[in-house]
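Chemist: Sharing a structure, written as structure tokens. Questions coming.
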Amino acid sequence: MSDTQDASDDLSGLGGFFFYVFIIHPCTAWILRPGRFERKKSIMYAIAFLAAVAAIKSGVEMQARGPNHYQKLGVSRASNPLAIKRAYKKKSLELHPDKNKAEDASDQFDAIKQAYDVLMDMELREVYNKFGDEGIKNNKRYNENQFLVEVGIFYVTWGLMAFMLTLGKKSGEARNWTFTGLVVMLVLEIAIISSSGNPLPSWLFPTWTEYEIVWLLHSLFPAFMNGCRSLGAFLYVDLDAQSRQLLLALQEQGKDVLLVLRDVQISIQSMHAGGTIAAGSTTATAVPVGGGGPMARATPTGKLKELQDRLQTSNTNVAQAVKQLKNDGNKGSSSMGFYLMIIGYIVISYMFSS
């Protein structure tokens, strides 16, 4: 890859970052706005939207990069020199300027000749697979210290960006998801670049080089990060607010108990004062309600029944609040990021061992 292509990739990465932060993130927040769709549908629509945008954007960028050497010759990265030689002969006959009447016939023929020269040289082929055209141009070789410095700069930079974009209580889960994805991507990149041979199975992107797969991971990360931000904010549950709600419910229940007990005490005192309760009697006379009108039975038993009804209603409300608090607490304290990391490690190990 040329210096111009490198600069283009840097600008593309920076442009992609601003594209997702200032355009895609607000659009996703609009989809996830409470009340716009049902909760499950909102999540499905947001994920589908983010996946479609990431796929289209990466596809357009990959198309702009043009075909690699394997695609120019129509072979896979697992092809042996004999298969490459046969493919080159076939392509050279098709694209030779004497037969190819296109205006850029000479350029097309030179491109397949360059691809053939690189892929037939096993050392250059290894460099091309790991570092692309830039590695061929600069005669680059794998150096562990240099590789770790380059990887460290990239991941520290994106780690700081992710941390800054996920500050605040609402973004706690989003931060966990983002850094989990960053760690999985780091492990995958180190496994791909540091391996002596080709670690990828032949069925996975058969014409792509390791360099292009790492580029794809880097290209998709901004989409992943902003998806985590949007979904994390949407799924956030304020446990402090729910705790306050529970305490208020308990406070209201206590007030109801005190009010009814006070009414019972007043009723008993009223009946004693009126001489309506004889020794050993539990009956009471009718007491006018509101200073006249229909008569109501105001007995301690009736007041206790009213207290029981109020306590049952209050207990139901408190039980619901406690249940929701426990469920949301379990969600908030779940180790989803850890489990996703473990699954990622298992998938990566399976891919490289097969």
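To be explicit about the labels: the chains of the structure tokens are called A, B, and onward in the order shown, and within each one the residues are counted from 1, while ligands get numbers from 1 in the order they are shown.
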Residues within 8 Å of Asn226 of chain A, please, as a list of chain:residue names. Count only C-alpha atoms; anything in the same chain fewer than 2 positions from it doesn't count.
Modeler: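 That gives A:Tyr20, A:Val21, A:His25, A:Pro222, A:Ala223, A:Phe224, A:Cys228, A:Arg229, A:Ser230.
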Chemist: Those residues with all heavy atoms, as a PDB file, in the first residue's frame please?
Modeler:
```pdb
ATOM      1  N   TYR A  20     -19.938   8.226  12.400  1.00  0.00           N
ATOM      2  CA  TYR A  20     -20.730   7.448  13.349  1.00  0.00           C
ATOM      3  C   TYR A  20     -21.140   8.279  14.567  1.00  0.00           C
ATOM      4  O   TYR A  20     -22.251   8.123  15.078  1.00  0.00           O
ATOM      5  CB  TYR A  20     -19.949   6.215  13.792  1.00  0.00           C
ATOM      6  CG  TYR A  20     -19.948   5.101  12.782  1.00  0.00           C
ATOM      7  CD1 TYR A  20     -18.785   4.765  12.091  1.00  0.00           C
ATOM      8  CD2 TYR A  20     -21.103   4.386  12.512  1.00  0.00           C
ATOM      9  CE1 TYR A  20     -18.780   3.751  11.162  1.00  0.00           C
ATOM     10  CE2 TYR A  20     -21.101   3.369  11.574  1.00  0.00           C
ATOM     11  CZ  TYR A  20     -19.940   3.050  10.906  1.00  0.00           C
ATOM     12  OH  TYR A  20     -19.946   2.045   9.976  1.00  0.00           O
ATOM     13  N   VAL A  21     -20.250   9.151  15.030  1.00  0.00           N
ATOM     14  CA  VAL A  21     -20.535   9.906  16.250  1.00  0.00           C
ATOM     15  C   VAL A  21     -21.586  10.977  16.009  1.00  0.00           C
ATOM     16  O   VAL A  21     -22.523  11.144  16.817  1.00  0.00           O
ATOM     17  CB  VAL A  21     -19.241  10.527  16.808  1.00  0.00           C
ATOM     18  CG1 VAL A  21     -19.554  11.512  17.923  1.00  0.00           C
ATOM     19  CG2 VAL A  21     -18.315   9.442  17.324  1.00  0.00           C
ATOM     20  N   HIS A  25     -25.016   7.968  15.314  1.00  0.00           N
ATOM     21  CA  HIS A  25     -25.445   7.888  16.718  1.00  0.00           C
ATOM     22  C   HIS A  25     -26.747   8.647  16.974  1.00  0.00           C
ATOM     23  O   HIS A  25     -27.664   8.100  17.621  1.00  0.00           O
ATOM     24  CB  HIS A  25     -24.337   8.396  17.636  1.00  0.00           C
ATOM     25  CG  HIS A  25     -24.671   8.327  19.088  1.00  0.00           C
ATOM     26  ND1 HIS A  25     -24.860   7.134  19.760  1.00  0.00           N
ATOM     27  CD2 HIS A  25     -24.880   9.304  20.009  1.00  0.00           C
ATOM     28  CE1 HIS A  25     -25.161   7.379  21.023  1.00  0.00           C
ATOM     29  NE2 HIS A  25     -25.181   8.684  21.203  1.00  0.00           N
ATOM     30  N   PRO A 222     -15.602   1.454  14.937  1.00  0.00           N
ATOM     31  CA  PRO A 222     -16.410   2.644  15.265  1.00  0.00           C
ATOM     32  C   PRO A 222     -17.905   2.351  15.263  1.00  0.00           C
ATOM     33  O   PRO A 222     -18.642   2.883  16.103  1.00  0.00           O
ATOM     34  CB  PRO A 222     -16.020   3.640  14.164  1.00  0.00           C
ATOM     35  CG  PRO A 222     -14.648   3.220  13.746  1.00  0.00           C
ATOM     36  CD  PRO A 222     -14.644   1.727  13.845  1.00  0.00           C
ATOM     37  N   ALA A 223     -18.364   1.504  14.332  1.00  0.00           N
ATOM     38  CA  ALA A 223     -19.784   1.141  14.311  1.00  0.00           C
ATOM     39  C   ALA A 223     -20.153   0.366  15.569  1.00  0.00           C
ATOM     40  O   ALA A 223     -21.206   0.591  16.177  1.00  0.00           O
ATOM     41  CB  ALA A 223     -20.097   0.321  13.064  1.00  0.00           C
ATOM     42  N   PHE A 224     -19.281  -0.562  15.954  1.00  0.00           N
ATOM     43  CA  PHE A 224     -19.541  -1.351  17.156  1.00  0.00           C
ATOM     44  C   PHE A 224     -19.579  -0.458  18.396  1.00  0.00           C
ATOM     45  O   PHE A 224     -20.470  -0.588  19.249  1.00  0.00           O
ATOM     46  CB  PHE A 224     -18.457  -2.419  17.298  1.00  0.00           C
ATOM     47  CG  PHE A 224     -18.505  -3.178  18.587  1.00  0.00           C
ATOM     48  CD1 PHE A 224     -19.436  -4.185  18.779  1.00  0.00           C
ATOM     49  CD2 PHE A 224     -17.616  -2.896  19.611  1.00  0.00           C
ATOM     50  CE1 PHE A 224     -19.486  -4.885  19.979  1.00  0.00           C
ATOM     51  CE2 PHE A 224     -17.660  -3.594  20.807  1.00  0.00           C
ATOM     52  CZ  PHE A 224     -18.598  -4.598  20.989  1.00  0.00           C
ATOM     53  N   CYS A 228     -22.809   0.203  20.828  1.00  0.00           N
ATOM     54  CA  CYS A 228     -22.789  -0.039  22.281  1.00  0.00           C
ATOM     55  C   CYS A 228     -23.248   1.196  23.043  1.00  0.00           C
ATOM     56  O   CYS A 228     -23.991   1.088  24.033  1.00  0.00           O
ATOM     57  CB  CYS A 228     -21.385  -0.435  22.726  1.00  0.00           C
ATOM     58  SG  CYS A 228     -20.849  -2.067  22.151  1.00  0.00           S
ATOM     59  N   ARG A 229     -22.829   2.368  22.602  1.00  0.00           N
ATOM     60  CA  ARG A 229     -23.250   3.603  23.269  1.00  0.00           C
ATOM     61  C   ARG A 229     -24.767   3.771  23.214  1.00  0.00           C
ATOM     62  O   ARG A 229     -25.417   4.072  24.217  1.00  0.00           O
ATOM     63  CB  ARG A 229     -22.593   4.814  22.604  1.00  0.00           C
ATOM     64  CG  ARG A 229     -21.097   4.964  22.852  1.00  0.00           C
ATOM     65  CD  ARG A 229     -20.586   6.184  22.107  1.00  0.00           C
ATOM     66  NE  ARG A 229     -21.218   7.399  22.580  1.00  0.00           N
ATOM     67  CZ  ARG A 229     -21.437   8.463  21.821  1.00  0.00           C
ATOM     68  NH1 ARG A 229     -21.078   8.448  20.538  1.00  0.00           N
ATOM     69  NH2 ARG A 229     -21.998   9.539  22.320  1.00  0.00           N
ATOM     70  N   SER A 230     -25.337   3.566  22.027  1.00  0.00           N
ATOM     71  CA  SER A 230     -26.775   3.770  21.861  1.00  0.00           C
ATOM     72  C   SER A 230     -27.583   2.750  22.654  1.00  0.00           C
ATOM     73  O   SER A 230     -28.511   3.106  23.394  1.00  0.00           O
ATOM     74  CB  SER A 230     -27.138   3.689  20.371  1.00  0.00           C
ATOM     75  OG  SER A 230     -26.462   4.669  19.619  1.00  0.00           O
TER      76      SER A 230
END
```
Chemist: Quick one: residues within 12 Å of Leu204 of chain A, only C-alpha atoms, excluding same-chain residues fewer than 2 positions away - as a ChimeraX atom specification?
Modeler: /A:76-78,198-202,206-210,213,351-352,354
Chemist: Only C-alpha atoms, please: the residues just picked out, written as a compact mmCIF listing (two decimals), in the first residue's frame.
Modeler:
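Below is the file that was written, again.txt:
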```
# COMPACT_ATOMS: atom_id res chain seq x y z
CA SER A 76 -7.33 -18.00 -3.19
CA ARG A 77 -4.68 -17.31 -0.57
CA ALA A 78 -4.31 -21.06 -0.10
CA ASN A 198 -1.68 -18.22 7.57
CA PRO A 199 -3.82 -18.69 10.71
CA LEU A 200 -7.17 -18.17 9.01
CA PRO A 201 -9.18 -21.18 7.79
CA SER A 202 -9.35 -21.46 4.01
CA PRO A 206 -10.63 -17.14 0.84
CA THR A 207 -9.27 -14.29 -1.31
CA TRP A 208 -8.60 -11.86 1.54
CA THR A 209 -5.21 -11.34 3.11
CA GLU A 210 -4.55 -11.09 6.83
CA ILE A 213 -9.04 -8.69 7.63
CA MET A 351 -10.89 -20.75 14.03
CA PHE A 352 -7.14 -20.95 14.50
CA SER A 354 -9.18 -25.80 12.60
```
Chemist: For a test of reading the model, state the distance in Å between atom CA of Val214 of chain A and atom CA of Gly74 of chain A, rounded to one decimal.
Modeler: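 Separation between atom CA of Val214 of chain A and atom CA of Gly74 of chain A: 21.7 Å.
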Chemist: To one decimal place in Å, what is the distance between atom CA of Phe18 of chain A and atom CA of Met225 of chain A?
Modeler: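 Atom CA of Met225 of chain A lies at a distance of 12.3 Å from atom CA of Phe18 of chain A.
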